[in-house]
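Source file: structure_5.csv (CSV, C-alpha atoms)
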```csv
chain,number,residue,atom,x,y,z
A,1,MET,CA,96.7,114.9,82.7
A,2,ASN,CA,94.9,111.6,83.3
A,3,ALA,CA,91.7,111.0,81.4
A,4,THR,CA,89.1,109.3,83.6
A,5,VAL,CA,86.2,109.0,81.1
A,6,PRO,CA,85.3,105.4,80.6
A,7,GLN,CA,85.3,104.1,77.0
A,8,LYS,CA,84.1,101.0,75.3
A,9,GLY,CA,86.8,98.8,73.8
A,10,ASN,CA,87.3,99.2,70.0
A,11,HIS,CA,89.5,96.7,68.2
A,12,SER,CA,90.2,99.0,65.2
A,13,LEU,CA,91.0,102.0,67.4
A,14,ASN,CA,93.3,99.9,69.6
A,15,ALA,CA,95.2,98.6,66.6
A,16,ALA,CA,95.6,102.0,65.1
A,17,ALA,CA,96.8,103.4,68.4
A,18,ARG,CA,99.4,100.6,68.7
A,19,ARG,CA,100.8,101.3,65.2
A,20,SER,CA,101.3,105.0,66.1
A,21,SER,CA,102.4,104.4,69.7
A,22,PRO,CA,103.4,100.8,70.6
A,23,ARG,CA,104.1,101.5,74.2
A,24,ILE,CA,100.5,101.3,75.4
A,25,ALA,CA,100.2,99.7,78.8
A,26,GLY,CA,97.2,97.7,79.6
A,27,VAL,CA,96.3,97.4,83.4
A,28,ASP,CA,94.0,95.1,85.2
A,29,GLU,CA,93.6,93.6,88.7
A,30,ALA,CA,92.6,90.4,90.3
A,31,GLY,CA,91.1,90.0,93.8
A,32,ARG,CA,88.8,92.9,94.7
A,33,GLY,CA,86.0,90.6,95.9
A,34,PRO,CA,87.7,88.0,98.1
A,35,LEU,CA,87.5,87.9,101.9
A,36,ALA,CA,91.2,87.0,102.1
A,37,GLY,CA,94.5,87.6,100.4
A,38,PRO,CA,95.9,90.5,98.4
A,39,VAL,CA,94.7,92.4,95.4
A,40,VAL,CA,97.1,92.0,92.6
A,41,ALA,CA,97.5,94.4,89.7
A,42,ALA,CA,99.5,94.0,86.5
A,43,ALA,CA,100.6,96.4,83.7
A,44,VAL,CA,101.6,94.9,80.4
A,45,ILE,CA,103.1,96.6,77.3
A,46,LEU,CA,102.9,94.2,74.3
A,47,ASP,CA,105.7,94.1,71.7
A,48,PRO,CA,104.2,94.5,68.2
A,49,ALA,CA,107.2,92.5,66.9
A,50,ARG,CA,106.4,89.5,69.1
A,51,PRO,CA,102.6,89.1,68.9
A,52,ILE,CA,100.6,86.8,71.2
A,53,ASP,CA,97.5,85.1,69.9
A,54,GLY,CA,94.4,84.4,72.1
A,55,LEU,CA,94.7,87.2,74.7
A,56,GLY,CA,91.5,88.1,76.5
A,57,ASP,CA,89.7,88.1,79.8
A,58,SER,CA,91.5,85.7,82.1
A,59,LYS,CA,88.2,84.6,83.6
A,60,ALA,CA,87.1,83.2,80.2
A,61,LEU,CA,90.2,81.1,79.8
A,62,SER,CA,90.8,77.6,81.0
A,63,GLU,CA,93.6,77.2,83.5
A,64,PRO,CA,96.0,75.4,81.1
A,65,ARG,CA,95.4,78.0,78.5
A,66,ARG,CA,95.9,80.9,81.0
A,67,LEU,CA,99.1,79.4,82.2
A,68,ALA,CA,100.4,79.0,78.7
A,69,LEU,CA,99.6,82.6,77.8
A,70,TYR,CA,101.2,83.7,81.1
A,71,ALA,CA,104.5,82.2,80.1
A,72,LEU,CA,104.3,83.8,76.6
A,73,ILE,CA,103.4,87.2,78.0
A,74,ARG,CA,106.4,87.0,80.4
A,75,GLU,CA,108.6,86.0,77.6
A,76,ARG,CA,107.5,88.5,74.9
A,77,ALA,CA,106.1,91.6,76.7
A,78,TRP,CA,107.1,94.1,79.4
A,79,VAL,CA,105.3,93.3,82.7
A,80,GLY,CA,105.0,95.2,85.9
A,81,VAL,CA,103.2,93.9,89.0
A,82,GLY,CA,101.8,95.7,92.0
A,83,ILE,CA,100.3,94.2,95.1
A,84,ALA,CA,98.2,95.6,98.0
A,85,GLU,CA,98.2,93.3,101.1
A,86,PRO,CA,95.1,92.8,103.3
A,87,ALA,CA,96.3,95.3,105.9
A,88,GLU,CA,96.5,98.0,103.3
A,89,ILE,CA,93.1,97.1,101.9
A,90,ASP,CA,91.7,97.4,105.5
A,91,ARG,CA,93.4,100.8,106.0
A,92,LEU,CA,92.6,102.4,102.6
A,93,ASN,CA,89.5,100.4,101.5
A,94,ILE,CA,89.5,98.1,98.5
A,95,LEU,CA,89.0,100.8,95.9
A,96,HIS,CA,92.0,103.0,97.0
A,97,ALA,CA,94.2,99.9,97.6
A,98,THR,CA,93.4,98.7,94.1
A,99,MET,CA,94.3,102.0,92.6
A,100,ALA,CA,97.6,102.0,94.6
A,101,ALA,CA,98.4,98.4,93.3
A,102,MET,CA,97.7,99.5,89.7
A,103,ALA,CA,100.0,102.6,90.1
A,104,ARG,CA,102.7,100.3,91.4
A,105,ALA,CA,102.3,98.0,88.5
A,106,VAL,CA,102.8,100.8,86.0
A,107,GLY,CA,105.7,102.1,88.0
A,108,ARG,CA,107.5,98.7,87.8
A,109,LEU,CA,107.4,98.5,84.0
A,110,ALA,CA,110.9,98.3,82.6
A,111,VAL,CA,110.0,100.8,79.9
A,112,SER,CA,107.8,103.9,80.2
A,113,PRO,CA,104.4,103.8,78.6
A,114,ALA,CA,103.1,106.6,76.4
A,115,LEU,CA,99.5,105.7,77.3
A,116,VAL,CA,97.9,103.6,80.0
A,117,ARG,CA,94.6,101.8,79.5
A,118,VAL,CA,92.8,100.5,82.6
A,119,ASP,CA,90.0,98.0,82.8
A,120,GLY,CA,87.0,99.5,84.4
A,121,ASN,CA,85.6,102.9,84.9
A,122,ARG,CA,88.4,104.9,86.5
A,123,VAL,CA,92.2,105.2,86.4
A,124,PRO,CA,94.7,105.5,89.3
A,125,PRO,CA,95.8,109.1,90.2
A,126,GLY,CA,99.3,110.2,89.7
A,127,LEU,CA,100.3,108.1,86.7
A,128,PRO,CA,103.3,109.3,84.7
A,129,CYS,CA,101.4,109.5,81.4
A,130,PRO,CA,97.9,110.0,80.0
A,131,ALA,CA,95.5,107.2,80.9
A,132,GLU,CA,92.0,106.1,80.0
A,133,ALA,CA,89.5,103.7,81.5
A,134,ILE,CA,87.8,101.1,79.3
A,135,ILE,CA,84.8,99.2,80.5
A,136,LYS,CA,85.2,95.5,79.9
A,137,GLY,CA,88.6,96.3,78.4
A,138,ASP,CA,89.9,92.9,79.4
A,139,ALA,CA,87.7,91.3,76.7
A,140,THR,CA,88.4,93.9,74.0
A,141,ASP,CA,91.9,95.2,74.4
A,142,ALA,CA,94.8,92.8,74.0
A,143,SER,CA,97.1,94.6,76.5
A,144,ILE,CA,94.5,94.7,79.2
A,145,GLY,CA,93.6,91.1,78.5
A,146,ALA,CA,97.3,90.3,79.0
A,147,ALA,CA,97.4,92.2,82.3
A,148,SER,CA,94.3,90.3,83.4
A,149,ILE,CA,96.1,87.0,82.8
A,150,ILE,CA,99.2,88.1,84.7
A,151,ALA,CA,97.3,89.4,87.7
A,152,LYS,CA,95.0,86.4,88.0
A,153,THR,CA,97.8,83.8,87.6
A,154,ILE,CA,100.0,85.5,90.2
A,155,ARG,CA,97.1,85.9,92.7
A,156,ASP,CA,96.0,82.3,92.2
A,157,ALA,CA,99.5,81.1,93.0
A,158,LEU,CA,99.7,83.3,96.1
A,159,MET,CA,96.5,81.9,97.4
A,160,THR,CA,97.5,78.3,96.6
A,161,ASN,CA,100.7,78.9,98.7
A,162,ALA,CA,98.6,80.5,101.5
A,163,ALA,CA,96.5,77.3,101.6
A,164,GLN,CA,99.6,75.5,102.9
A,165,ARG,CA,100.1,78.1,105.6
A,166,PHE,CA,96.4,78.2,106.6
A,167,PRO,CA,94.9,74.7,106.2
A,168,GLY,CA,91.2,74.1,106.7
A,169,TYR,CA,89.9,77.1,104.7
A,170,GLY,CA,90.1,75.7,101.2
A,171,LEU,CA,92.0,78.7,99.9
A,172,ALA,CA,93.5,76.8,97.0
A,173,GLY,CA,90.0,76.1,95.7
A,174,HIS,CA,88.1,79.3,96.1
A,175,LYS,CA,91.1,81.6,96.3
A,176,GLY,CA,89.6,83.6,99.1
A,177,TYR,CA,86.3,84.4,97.5
A,178,PRO,CA,83.2,84.2,99.8
A,179,SER,CA,82.0,80.7,98.8
A,180,PRO,CA,79.8,78.8,101.3
A,181,ALA,CA,82.7,76.6,102.3
A,182,HIS,CA,84.9,79.6,103.0
A,183,ARG,CA,82.3,81.3,105.1
A,184,ALA,CA,81.7,78.1,107.1
A,185,ALA,CA,85.4,77.7,107.7
A,186,LEU,CA,85.7,81.4,108.7
A,187,ASN,CA,82.9,81.0,111.2
A,188,GLU,CA,84.4,77.8,112.6
A,189,LEU,CA,88.1,78.6,112.6
A,190,GLY,CA,88.1,82.4,112.8
A,191,ALA,CA,90.2,84.8,110.7
A,192,THR,CA,93.7,84.3,109.6
A,193,PRO,CA,96.3,87.1,109.2
A,194,ILE,CA,95.4,87.3,105.5
A,195,HIS,CA,91.7,87.9,106.0
A,196,ARG,CA,90.3,91.4,105.3
A,197,ARG,CA,88.9,92.5,108.6
A,198,SER,CA,87.1,95.5,107.0
A,199,TYR,CA,84.9,93.1,105.0
A,200,ALA,CA,81.5,92.4,106.6
A,201,PRO,CA,81.6,88.6,106.7
A,202,VAL,CA,85.1,88.6,108.3
A,203,ARG,CA,84.1,91.2,110.8
A,204,ALA,CA,81.0,89.3,111.7
A,205,ALA,CA,82.9,86.1,112.2
A,206,LEU,CA,85.4,87.9,114.5
A,207,GLU,CA,82.6,89.5,116.5
A,208,SER,CA,80.9,86.1,116.8
A,209,ARG,CA,84.0,84.4,118.1
A,210,PHE,CA,84.7,87.2,120.5
A,211,SER,CA,81.2,87.0,121.9
A,212,THR,CA,81.6,83.2,122.2
A,213,ASP,CA,84.9,83.5,124.0
A,214,ALA,CA,83.6,86.2,126.3
A,215,ASN,CA,80.6,83.9,127.3
A,216,ARG,CA,83.0,81.0,128.0
A,217,CYS,CA,85.2,83.3,130.2
A,218,GLY,CA,82.1,84.5,132.0
```
Can the structure from this file be put into structure tokens for me?
Amino acid sequence: MNATVPQKGNHSLNAAARRSSPRIAGVDEAGRGPLAGPVVAAAVILDPARPIDGLGDSKALSEPRRLALYALIRERAWVGVGIAEPAEIDRLNILHATMAAMARAVGRLAVSPALVRVDGNRVPPGLPCPAEAIIKGDATDASIGAASIIAKTIRDALMTNAAQRFPGYGLAGHKGYPSPAHRAALNELGATPIHRRSYAPVRAALESRFSTDANRCG
């Protein structure tokens, strides 16, 4: 049975839990808010025999530090990654697509976790083991912090690659988030295949361009 009651992070509790059951998977995501690109989720089981110092919320880390930690996590921990593409986000909505990506990440771990800890206030349905949600867990639980670093690093790389395929939108800079520059480019250039059409700014830009094109044809 999955526990869905959010909990606050507790360092001593987390340390005690790891001593009794080292296969605790931390899960986090990156990319719920952007107008373009996928949502990426990661699940990480840390190895107590190979500790990693400095884990925490990826948003609070400099890029060089985050990249260095990413390499260490990949080397010393078990990692699973799940992705939900824009079409799936549009079909399911961002919440359900995020839950699906998280479940995929857990399912792609090379070892089975005894417990899953998810950053936020809910856990994905259908996980193969007990789970709990921890509000602000990426800042208080090392395994969730590691998952945050993996998810953000992978998503940032995907958006940097997308910038080469879709020039003019500044995707390498804002990573698809609704910055003023991104909104302006969206209104001027229209939506790309990786834009989330269910999001209001994208939908409004499409409607505006359709109206403009219709007036030109008329």
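For the pair CA of Ser198 in chain A and CA of Ile94 in chain A, the interatomic distance is 9.2 Å.
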Can you measure CA of Val116 in chain A to CA of Gly33 in chain A for me? One decimal in Å is fine.
23.7 Å
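Among the candidates A:Val44, A:Ala25, A:Ala36, A:Ala105, the one nearest to Lys175 in chain A when counting all atoms listed in the file is A:Ala36.
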Spatial neighbours of Val106 in chain A, 7 Å, only C-alpha atoms, chain gap at least 4 places, as JSON, numbers by chain:
{"A": [43, 80, 102]}
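Proximity ranking of A:Leu115, A:Ala205, A:Glu85, A:Thr153 relative to Ala97 in chain A places A:Glu85 first, based on only C-alpha atoms.
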Could you build a table of the residues in range 27-72 of chain A lying no more than 10 Å from range 155-172 of chain A, giving for each the nearest pair of atoms and their separation in Å rounded to one decimal place, using all atoms listed in the file, ordered by chain and ascending residue number, as a Markdown table?
```
| residue | atom | partner | partner_atom | distance |
| --- | --- | --- | --- | --- |
| A:Glu29 | CA | A:Arg155 | CA | 9.4 |
| A:Ala30 | CA | A:Arg155 | CA | 6.8 |
| A:Gly31 | CA | A:Arg155 | CA | 7.3 |
| A:Ala36 | CA | A:Leu171 | CA | 8.6 |
| A:Gly37 | CA | A:Met159 | CA | 6.7 |
| A:Pro38 | CA | A:Arg155 | CA | 7.4 |
| A:Val39 | CA | A:Arg155 | CA | 7.4 |
| A:Val40 | CA | A:Arg155 | CA | 6.1 |
| A:Ala41 | CA | A:Arg155 | CA | 9.0 |
```
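Our summary of the geometry notes that CA of Gly176 in chain A is positioned 23.5 Å from CA of Ala103 in chain A.
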Hey, which of A:Ala142, A:Ala101, A:Ala84, A:Ala77 ends up closest to Asp53 in chain A? Count all atoms listed in the file.
A:Ala142
